[in-house]
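File shown here: work06.pdb, holding PDB, N, CA and C atoms.
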ATOM      1  N   MET A   1       0.843  -1.189   0.000  1.00  0.00           N
ATOM      2  CA  MET A   1       0.000   0.000   0.000  1.00  0.00           C
ATOM      3  C   MET A   1       0.892   1.257   0.000  1.00  0.00           C
ATOM      4  N   ILE A   2       0.518   2.218  -0.795  1.00  0.00           N
ATOM      5  CA  ILE A   2       1.246   3.477  -0.871  1.00  0.00           C
ATOM      6  C   ILE A   2       0.825   4.363   0.297  1.00  0.00           C
ATOM      7  N   LYS A   3       1.832   4.959   0.958  1.00  0.00           N
ATOM      8  CA  LYS A   3       1.566   5.822   2.105  1.00  0.00           C
ATOM      9  C   LYS A   3       2.111   7.220   1.841  1.00  0.00           C
ATOM     10  N   GLU A   4       1.685   8.170   2.675  1.00  0.00           N
ATOM     11  CA  GLU A   4       2.230   9.519   2.582  1.00  0.00           C
ATOM     12  C   GLU A   4       3.750   9.465   2.762  1.00  0.00           C
ATOM     13  N   HIS A   5       4.445  10.274   2.001  1.00  0.00           N
ATOM     14  CA  HIS A   5       5.904  10.384   1.975  1.00  0.00           C
ATOM     15  C   HIS A   5       6.590   9.264   1.193  1.00  0.00           C
ATOM     16  N   ASP A   6       5.820   8.341   0.616  1.00  0.00           N
ATOM     17  CA  ASP A   6       6.406   7.333  -0.265  1.00  0.00           C
ATOM     18  C   ASP A   6       6.706   7.962  -1.615  1.00  0.00           C
ATOM     19  N   CYS A   7       7.788   7.527  -2.243  1.00  0.00           N
ATOM     20  CA  CYS A   7       8.061   7.906  -3.621  1.00  0.00           C
ATOM     21  C   CYS A   7       7.275   6.965  -4.519  1.00  0.00           C
ATOM     22  N   VAL A   8       6.696   7.521  -5.581  1.00  0.00           N
ATOM     23  CA  VAL A   8       5.903   6.742  -6.527  1.00  0.00           C
ATOM     24  C   VAL A   8       6.341   7.070  -7.948  1.00  0.00           C
ATOM     25  N   VAL A   9       6.000   6.178  -8.863  1.00  0.00           N
ATOM     26  CA  VAL A   9       6.310   6.344 -10.276  1.00  0.00           C
ATOM     27  C   VAL A   9       5.011   6.640 -11.015  1.00  0.00           C
ATOM     28  N   LEU A  10       5.028   7.665 -11.833  1.00  0.00           N
ATOM     29  CA  LEU A  10       3.866   8.022 -12.641  1.00  0.00           C
ATOM     30  C   LEU A  10       3.653   6.955 -13.703  1.00  0.00           C
ATOM     31  N   ALA A  11       2.442   6.423 -13.794  1.00  0.00           N
ATOM     32  CA  ALA A  11       2.133   5.348 -14.732  1.00  0.00           C
ATOM     33  C   ALA A  11       1.481   5.862 -16.013  1.00  0.00           C
ATOM     34  N   ALA A  12       1.122   7.131 -16.040  1.00  0.00           N
ATOM     35  CA  ALA A  12       0.461   7.714 -17.209  1.00  0.00           C
ATOM     36  C   ALA A  12       0.914   9.155 -17.371  1.00  0.00           C
ATOM     37  N   ASN A  13       0.973   9.615 -18.598  1.00  0.00           N
ATOM     38  CA  ASN A  13       1.338  11.013 -18.853  1.00  0.00           C
ATOM     39  C   ASN A  13       0.310  11.965 -18.252  1.00  0.00           C
ATOM     40  N   VAL A  14       0.781  13.123 -17.799  1.00  0.00           N
ATOM     41  CA  VAL A  14      -0.083  14.223 -17.355  1.00  0.00           C
ATOM     42  C   VAL A  14       0.375  15.449 -18.147  1.00  0.00           C
ATOM     43  N   PRO A  15      -0.068  15.556 -19.406  1.00  0.00           N
ATOM     44  CA  PRO A  15       0.446  16.589 -20.309  1.00  0.00           C
ATOM     45  C   PRO A  15       0.254  18.016 -19.818  1.00  0.00           C
ATOM     46  N   ASP A  16      -0.841  18.303 -19.143  1.00  0.00           N
ATOM     47  CA  ASP A  16      -1.097  19.667 -18.671  1.00  0.00           C
ATOM     48  C   ASP A  16      -0.027  20.151 -17.693  1.00  0.00           C
ATOM     49  N   GLU A  17       0.661  19.214 -17.049  1.00  0.00           N
ATOM     50  CA  GLU A  17       1.702  19.557 -16.078  1.00  0.00           C
ATOM     51  C   GLU A  17       3.108  19.278 -16.614  1.00  0.00           C
ATOM     52  N   GLY A  18       3.202  18.776 -17.854  1.00  0.00           N
ATOM     53  CA  GLY A  18       4.503  18.458 -18.428  1.00  0.00           C
ATOM     54  C   GLY A  18       5.118  17.196 -17.851  1.00  0.00           C
ATOM     55  N   LEU A  19       4.301  16.329 -17.272  1.00  0.00           N
ATOM     56  CA  LEU A  19       4.791  15.103 -16.654  1.00  0.00           C
ATOM     57  C   LEU A  19       4.577  13.923 -17.588  1.00  0.00           C
ATOM     58  N   VAL A  20       5.525  12.986 -17.568  1.00  0.00           N
ATOM     59  CA  VAL A  20       5.405  11.800 -18.414  1.00  0.00           C
ATOM     60  C   VAL A  20       5.539  10.545 -17.563  1.00  0.00           C
ATOM     61  N   ALA A  21       4.943   9.467 -18.065  1.00  0.00           N
ATOM     62  CA  ALA A  21       5.040   8.189 -17.370  1.00  0.00           C
ATOM     63  C   ALA A  21       6.501   7.888 -17.071  1.00  0.00           C
ATOM     64  N   GLY A  22       6.765   7.460 -15.858  1.00  0.00           N
ATOM     65  CA  GLY A  22       8.125   7.175 -15.419  1.00  0.00           C
ATOM     66  C   GLY A  22       8.689   8.242 -14.503  1.00  0.00           C
ATOM     67  N   ASP A  23       8.093   9.448 -14.519  1.00  0.00           N
ATOM     68  CA  ASP A  23       8.548  10.488 -13.593  1.00  0.00           C
ATOM     69  C   ASP A  23       8.278  10.034 -12.163  1.00  0.00           C
ATOM     70  N   VAL A  24       9.154  10.442 -11.256  1.00  0.00           N
ATOM     71  CA  VAL A  24       9.057  10.031  -9.857  1.00  0.00           C
ATOM     72  C   VAL A  24       8.628  11.221  -9.008  1.00  0.00           C
ATOM     73  N   GLY A  25       7.666  10.993  -8.135  1.00  0.00           N
ATOM     74  CA  GLY A  25       7.189  12.030  -7.230  1.00  0.00           C
ATOM     75  C   GLY A  25       7.035  11.462  -5.827  1.00  0.00           C
ATOM     76  N   MET A  26       6.647  12.341  -4.902  1.00  0.00           N
ATOM     77  CA  MET A  26       6.442  11.920  -3.521  1.00  0.00           C
ATOM     78  C   MET A  26       5.001  12.206  -3.114  1.00  0.00           C
ATOM     79  N   VAL A  27       4.367  11.241  -2.491  1.00  0.00           N
ATOM     80  CA  VAL A  27       2.992  11.391  -2.013  1.00  0.00           C
ATOM     81  C   VAL A  27       2.993  12.348  -0.823  1.00  0.00           C
ATOM     82  N   VAL A  28       2.221  13.418  -0.946  1.00  0.00           N
ATOM     83  CA  VAL A  28       2.111  14.365   0.160  1.00  0.00           C
ATOM     84  C   VAL A  28       0.768  14.248   0.875  1.00  0.00           C
ATOM     85  N   HIS A  29      -0.181  13.536   0.245  1.00  0.00           N
ATOM     86  CA  HIS A  29      -1.474  13.312   0.897  1.00  0.00           C
ATOM     87  C   HIS A  29      -2.157  12.132   0.219  1.00  0.00           C
ATOM     88  N   SER A  30      -2.823  11.322   1.023  1.00  0.00           N
ATOM     89  CA  SER A  30      -3.582  10.185   0.511  1.00  0.00           C
ATOM     90  C   SER A  30      -5.071  10.468   0.680  1.00  0.00           C
ATOM     91  N   HIS A  31      -5.868  10.134  -0.346  1.00  0.00           N
ATOM     92  CA  HIS A  31      -7.307  10.352  -0.304  1.00  0.00           C
ATOM     93  C   HIS A  31      -8.052   9.022  -0.174  1.00  0.00           C
ATOM     94  N   LYS A  32      -9.053   8.996   0.694  1.00  0.00           N
ATOM     95  CA  LYS A  32      -9.967   7.857   0.840  1.00  0.00           C
ATOM     96  C   LYS A  32      -9.254   6.514   0.880  1.00  0.00           C
ATOM     97  N   GLY A  33      -8.280   6.396   1.776  1.00  0.00           N
ATOM     98  CA  GLY A  33      -7.609   5.116   1.970  1.00  0.00           C
ATOM     99  C   GLY A  33      -6.826   4.620   0.774  1.00  0.00           C
ATOM    100  N   GLY A  34      -6.373   5.512  -0.076  1.00  0.00           N
ATOM    101  CA  GLY A  34      -5.546   5.116  -1.208  1.00  0.00           C
ATOM    102  C   GLY A  34      -6.248   5.120  -2.550  1.00  0.00           C
ATOM    103  N   GLU A  35      -7.470   5.683  -2.614  1.00  0.00           N
ATOM    104  CA  GLU A  35      -8.156   5.789  -3.906  1.00  0.00           C
ATOM    105  C   GLU A  35      -7.491   6.832  -4.800  1.00  0.00           C
ATOM    106  N   GLY A  36      -6.828   7.797  -4.169  1.00  0.00           N
ATOM    107  CA  GLY A  36      -6.130   8.836  -4.910  1.00  0.00           C
ATOM    108  C   GLY A  36      -5.055   9.460  -4.047  1.00  0.00           C
ATOM    109  N   TYR A  37      -4.199  10.271  -4.687  1.00  0.00           N
ATOM    110  CA  TYR A  37      -3.058  10.843  -3.987  1.00  0.00           C
ATOM    111  C   TYR A  37      -2.756  12.250  -4.496  1.00  0.00           C
ATOM    112  N   GLU A  38      -2.255  13.090  -3.607  1.00  0.00           N
ATOM    113  CA  GLU A  38      -1.613  14.337  -4.000  1.00  0.00           C
ATOM    114  C   GLU A  38      -0.135  13.997  -4.108  1.00  0.00           C
ATOM    115  N   VAL A  39       0.454  14.233  -5.266  1.00  0.00           N
ATOM    116  CA  VAL A  39       1.848  13.855  -5.490  1.00  0.00           C
ATOM    117  C   VAL A  39       2.628  15.089  -5.918  1.00  0.00           C
ATOM    118  N   GLU A  40       3.759  15.307  -5.270  1.00  0.00           N
ATOM    119  CA  GLU A  40       4.625  16.433  -5.599  1.00  0.00           C
ATOM    120  C   GLU A  40       5.782  15.938  -6.468  1.00  0.00           C
ATOM    121  N   PHE A  41       6.020  16.676  -7.553  1.00  0.00           N
ATOM    122  CA  PHE A  41       7.124  16.376  -8.457  1.00  0.00           C
ATOM    123  C   PHE A  41       8.096  17.545  -8.420  1.00  0.00           C
ATOM    124  N   VAL A  42       9.385  17.223  -8.307  1.00  0.00           N
ATOM    125  CA  VAL A  42      10.436  18.236  -8.273  1.00  0.00           C
ATOM    126  C   VAL A  42      11.554  17.799  -9.219  1.00  0.00           C
ATOM    127  N   THR A  43      12.384  18.769  -9.635  1.00  0.00           N
ATOM    128  CA  THR A  43      13.560  18.428 -10.424  1.00  0.00           C
ATOM    129  C   THR A  43      14.583  17.756  -9.522  1.00  0.00           C
ATOM    130  N   LEU A  44      15.641  17.238 -10.121  1.00  0.00           N
ATOM    131  CA  LEU A  44      16.691  16.588  -9.322  1.00  0.00           C
ATOM    132  C   LEU A  44      17.432  17.568  -8.430  1.00  0.00           C
ATOM    133  N   THR A  45      17.315  18.870  -8.716  1.00  0.00           N
ATOM    134  CA  THR A  45      17.939  19.867  -7.851  1.00  0.00           C
ATOM    135  C   THR A  45      16.950  20.460  -6.857  1.00  0.00           C
ATOM    136  N   GLY A  46      15.732  19.904  -6.811  1.00  0.00           N
ATOM    137  CA  GLY A  46      14.752  20.324  -5.815  1.00  0.00           C
ATOM    138  C   GLY A  46      13.812  21.430  -6.224  1.00  0.00           C
ATOM    139  N   GLU A  47      13.870  21.861  -7.493  1.00  0.00           N
ATOM    140  CA  GLU A  47      12.946  22.894  -7.963  1.00  0.00           C
ATOM    141  C   GLU A  47      11.551  22.296  -8.122  1.00  0.00           C
ATOM    142  N   PRO A  48      10.523  22.947  -7.581  1.00  0.00           N
ATOM    143  CA  PRO A  48       9.175  22.402  -7.715  1.00  0.00           C
ATOM    144  C   PRO A  48       8.701  22.415  -9.167  1.00  0.00           C
ATOM    145  N   VAL A  49       8.023  21.352  -9.551  1.00  0.00           N
ATOM    146  CA  VAL A  49       7.458  21.239 -10.896  1.00  0.00           C
ATOM    147  C   VAL A  49       5.937  21.267 -10.819  1.00  0.00           C
ATOM    148  N   ALA A  50       5.357  20.403  -9.980  1.00  0.00           N
ATOM    149  CA  ALA A  50       3.896  20.326  -9.893  1.00  0.00           C
ATOM    150  C   ALA A  50       3.489  19.537  -8.661  1.00  0.00           C
ATOM    151  N   ILE A  51       2.313  19.869  -8.171  1.00  0.00           N
ATOM    152  CA  ILE A  51       1.620  19.034  -7.194  1.00  0.00           C
ATOM    153  C   ILE A  51       0.299  18.691  -7.854  1.00  0.00           C
ATOM    154  N   VAL A  52       0.072  17.401  -8.088  1.00  0.00           N
ATOM    155  CA  VAL A  52      -1.119  16.981  -8.832  1.00  0.00           C
ATOM    156  C   VAL A  52      -1.897  15.933  -8.053  1.00  0.00           C
ATOM    157  N   THR A  53      -3.195  15.927  -8.287  1.00  0.00           N
ATOM    158  CA  THR A  53      -4.075  14.908  -7.723  1.00  0.00           C
ATOM    159  C   THR A  53      -4.178  13.783  -8.733  1.00  0.00           C
ATOM    160  N   LEU A  54      -3.868  12.577  -8.292  1.00  0.00           N
ATOM    161  CA  LEU A  54      -3.852  11.423  -9.188  1.00  0.00           C
ATOM    162  C   LEU A  54      -4.671  10.282  -8.590  1.00  0.00           C
ATOM    163  N   LEU A  55      -5.281   9.504  -9.460  1.00  0.00           N
ATOM    164  CA  LEU A  55      -5.976   8.299  -9.032  1.00  0.00           C
ATOM    165  C   LEU A  55      -4.954   7.200  -8.780  1.00  0.00           C
ATOM    166  N   ALA A  56      -5.335   6.216  -7.989  1.00  0.00           N
ATOM    167  CA  ALA A  56      -4.419   5.133  -7.632  1.00  0.00           C
ATOM    168  C   ALA A  56      -3.831   4.450  -8.869  1.00  0.00           C
ATOM    169  N   GLY A  57      -4.600   4.313  -9.925  1.00  0.00           N
ATOM    170  CA  GLY A  57      -4.123   3.657 -11.136  1.00  0.00           C
ATOM    171  C   GLY A  57      -3.134   4.477 -11.944  1.00  0.00           C
ATOM    172  N   GLN A  58      -2.951   5.735 -11.583  1.00  0.00           N
ATOM    173  CA  GLN A  58      -2.019   6.595 -12.310  1.00  0.00           C
ATOM    174  C   GLN A  58      -0.614   6.587 -11.720  1.00  0.00           C
ATOM    175  N   VAL A  59      -0.433   5.905 -10.602  1.00  0.00           N
ATOM    176  CA  VAL A  59       0.885   5.803  -9.968  1.00  0.00           C
ATOM    177  C   VAL A  59       1.121   4.368  -9.528  1.00  0.00           C
ATOM    178  N   ARG A  60       2.396   4.069  -9.311  1.00  0.00           N
ATOM    179  CA  ARG A  60       2.749   2.766  -8.732  1.00  0.00           C
ATOM    180  C   ARG A  60       3.888   2.983  -7.751  1.00  0.00           C
ATOM    181  N   PRO A  61       4.024   2.077  -6.783  1.00  0.00           N
ATOM    182  CA  PRO A  61       5.145   2.208  -5.847  1.00  0.00           C
ATOM    183  C   PRO A  61       6.469   1.967  -6.569  1.00  0.00           C
ATOM    184  N   LEU A  62       7.539   2.532  -6.027  1.00  0.00           N
ATOM    185  CA  LEU A  62       8.875   2.191  -6.518  1.00  0.00           C
ATOM    186  C   LEU A  62       9.127   0.723  -6.232  1.00  0.00           C
ATOM    187  N   ASN A  63       9.947   0.094  -7.068  1.00  0.00           N
ATOM    188  CA  ASN A  63      10.362  -1.269  -6.746  1.00  0.00           C
ATOM    189  C   ASN A  63      11.873  -1.361  -6.835  1.00  0.00           C
ATOM    190  N   ARG A  64      12.415  -2.403  -6.307  1.00  0.00           N
ATOM    191  CA  ARG A  64      13.866  -2.525  -6.174  1.00  0.00           C
ATOM    192  C   ARG A  64      14.592  -2.614  -7.502  1.00  0.00           C
ATOM    193  N   ARG A  65      13.901  -2.829  -8.599  1.00  0.00           N
ATOM    194  CA  ARG A  65      14.524  -2.913  -9.914  1.00  0.00           C
ATOM    195  C   ARG A  65      14.395  -1.614 -10.710  1.00  0.00           C
ATOM    196  N   ASP A  66      13.779  -0.576 -10.143  1.00  0.00           N
ATOM    197  CA  ASP A  66      13.647   0.704 -10.836  1.00  0.00           C
ATOM    198  C   ASP A  66      15.006   1.372 -10.976  1.00  0.00           C
ATOM    199  N   LEU A  67      15.201   2.040 -12.094  1.00  0.00           N
ATOM    200  CA  LEU A  67      16.439   2.738 -12.394  1.00  0.00           C
ATOM    201  C   LEU A  67      16.119   4.202 -12.636  1.00  0.00           C
ATOM    202  N   ALA A  68      16.861   5.100 -12.003  1.00  0.00           N
ATOM    203  CA  ALA A  68      16.641   6.530 -12.200  1.00  0.00           C
ATOM    204  C   ALA A  68      17.095   6.932 -13.600  1.00  0.00           C
ATOM    205  N   HIS A  69      16.399   7.896 -14.184  1.00  0.00           N
ATOM    206  CA  HIS A  69      16.720   8.407 -15.516  1.00  0.00           C
ATOM    207  C   HIS A  69      16.423   9.899 -15.514  1.00  0.00           C
ATOM    208  N   ALA A  70      17.309  10.697 -16.057  1.00  0.00           N
ATOM    209  CA  ALA A  70      17.097  12.158 -16.058  1.00  0.00           C
ATOM    210  C   ALA A  70      16.603  12.586 -17.435  1.00  0.00           C
ATOM    211  N   ARG A  71      15.689  13.552 -17.438  1.00  0.00           N
ATOM    212  CA  ARG A  71      15.234  14.204 -18.664  1.00  0.00           C
ATOM    213  C   ARG A  71      15.053  15.669 -18.357  1.00  0.00           C
ATOM    214  N   GLU A  72      15.248  16.507 -19.342  1.00  0.00           N
ATOM    215  CA  GLU A  72      15.098  17.948 -19.137  1.00  0.00           C
ATOM    216  C   GLU A  72      13.653  18.333 -19.422  1.00  0.00           C
ATOM    217  N   MET A  73      13.078  19.110 -18.487  1.00  0.00           N
ATOM    218  CA  MET A  73      11.708  19.594 -18.670  1.00  0.00           C
ATOM    219  C   MET A  73      11.677  20.611 -19.794  1.00  0.00           C
ATOM    220  N   ALA A  74      10.618  20.579 -20.573  1.00  0.00           N
ATOM    221  CA  ALA A  74      10.414  21.618 -21.566  1.00  0.00           C
ATOM    222  C   ALA A  74      10.171  22.921 -20.828  1.00  0.00           C
ATOM    223  N   SER A  75      10.733  24.008 -21.320  1.00  0.00           N
ATOM    224  CA  SER A  75      10.532  25.292 -20.638  1.00  0.00           C
ATOM    225  C   SER A  75       9.096  25.748 -20.849  1.00  0.00           C
ATOM    226  N   ALA A  76       8.564  26.327 -19.810  1.00  0.00           N
ATOM    227  CA  ALA A  76       7.188  26.836 -19.861  1.00  0.00           C
ATOM    228  C   ALA A  76       7.075  28.015 -18.926  1.00  0.00           C
ATOM    229  N   CYS A  77       6.275  28.961 -19.305  1.00  0.00           N
ATOM    230  CA  CYS A  77       6.015  30.108 -18.430  1.00  0.00           C
ATOM    231  C   CYS A  77       4.909  29.717 -17.473  1.00  0.00           C
ATOM    232  N   ARG A  78       5.186  29.827 -16.182  1.00  0.00           N
ATOM    233  CA  ARG A  78       4.177  29.501 -15.168  1.00  0.00           C
ATOM    234  C   ARG A  78       4.101  30.618 -14.200  1.00  0.00           C
TER
END

Taking this structure as input, can you express it in the form of structure tokens?
Amino acid sequence: MIKEHDCVVLAANVPDEGLVAGDVGMVVHSHKGGEGYEVEFVTLTGEPVAIVTLLAGQVRPLNRRDLAHAREMASACR
């Protein structure tokens, strides 16, 4: 079960936020016993990217075989 402060992997793109499947975020709040989550995404240097509400099926827990990968965010005016 995913808990608050767990790192999770995005399982689906979230184009409105510039997020793609495979991005890693941290759960900052759990809704209705795990039906959904508030997940914060930051760059590798700690710059905030987005806090999004996601359904349980849109994220998965990290597993021991996951490998980190870096990608550069497209620039956007926010």

Using only C-alpha atoms, determine which residues lie at most 12 Å from Lys32 of chain A, disregarding the query and same-chain residues fewer than 5 positions distant; provide the list as a PDB file with N, CA and C atoms, keeping the file's coordinate frame.
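Listing of around_38.pdb after writing:
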ATOM      1  N   LYS A   3       1.832   4.959   0.958  1.00  0.00           N
ATOM      2  CA  LYS A   3       1.566   5.822   2.105  1.00  0.00           C
ATOM      3  C   LYS A   3       2.111   7.220   1.841  1.00  0.00           C
ATOM      4  N   TYR A  37      -4.199  10.271  -4.687  1.00  0.00           N
ATOM      5  CA  TYR A  37      -3.058  10.843  -3.987  1.00  0.00           C
ATOM      6  C   TYR A  37      -2.756  12.250  -4.496  1.00  0.00           C
ATOM      7  N   GLU A  38      -2.255  13.090  -3.607  1.00  0.00           N
ATOM      8  CA  GLU A  38      -1.613  14.337  -4.000  1.00  0.00           C
ATOM      9  C   GLU A  38      -0.135  13.997  -4.108  1.00  0.00           C
ATOM     10  N   LEU A  55      -5.281   9.504  -9.460  1.00  0.00           N
ATOM     11  CA  LEU A  55      -5.976   8.299  -9.032  1.00  0.00           C
ATOM     12  C   LEU A  55      -4.954   7.200  -8.780  1.00  0.00           C
ATOM     13  N   ALA A  56      -5.335   6.216  -7.989  1.00  0.00           N
ATOM     14  CA  ALA A  56      -4.419   5.133  -7.632  1.00  0.00           C
ATOM     15  C   ALA A  56      -3.831   4.450  -8.869  1.00  0.00           C
TER      16      ALA A  56
END

Result set of the PyMOL selection byres ((chain A and resi 41) around 8) on the coordinates above, as number ranges by chain: A: 23-27, 38-40, 42-44, 46-52

Counting all atoms listed in the file, the residue of A:Gly34, A:Gly18, A:Leu54, A:Val28 that sits nearest Ala74 of chain A: A:Gly18

All helix (DSSP H, G or I) residues (DSSP, backbone) inside chain A, as an MDAnalysis selection string: chainID A and resid 15:17 56:58

Those same residues, written as a tab-separated table (two decimals), in the frame of the given file with N, CA and C atoms?
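Writing done, so here's out.tsv:
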chain	number	residue	atom	x	y	z
A	15	PRO	N	-0.07	15.56	-19.41
A	15	PRO	CA	0.45	16.59	-20.31
A	15	PRO	C	0.25	18.02	-19.82
A	16	ASP	N	-0.84	18.30	-19.14
A	16	ASP	CA	-1.10	19.67	-18.67
A	16	ASP	C	-0.03	20.15	-17.69
A	17	GLU	N	0.66	19.21	-17.05
A	17	GLU	CA	1.70	19.56	-16.08
A	17	GLU	C	3.11	19.28	-16.61
A	56	ALA	N	-5.34	6.22	-7.99
A	56	ALA	CA	-4.42	5.13	-7.63
A	56	ALA	C	-3.83	4.45	-8.87
A	57	GLY	N	-4.60	4.31	-9.93
A	57	GLY	CA	-4.12	3.66	-11.14
A	57	GLY	C	-3.13	4.48	-11.94
A	58	GLN	N	-2.95	5.74	-11.58
A	58	GLN	CA	-2.02	6.60	-12.31
A	58	GLN	C	-0.61	6.59	-11.72

Chain A: residues DSSP assigns to strand (DSSP E), reported as a VMD selection string: chain A and resid 7 to 10 24 to 31 36 to 42 48 to 55 59 to 61

Residues matched by the PyMOL selection byres (((chain A and resi 66 and name CA) around 12) and name CA) as a ChimeraX atom specification: /A:7-9,22-24,60-65,67-69
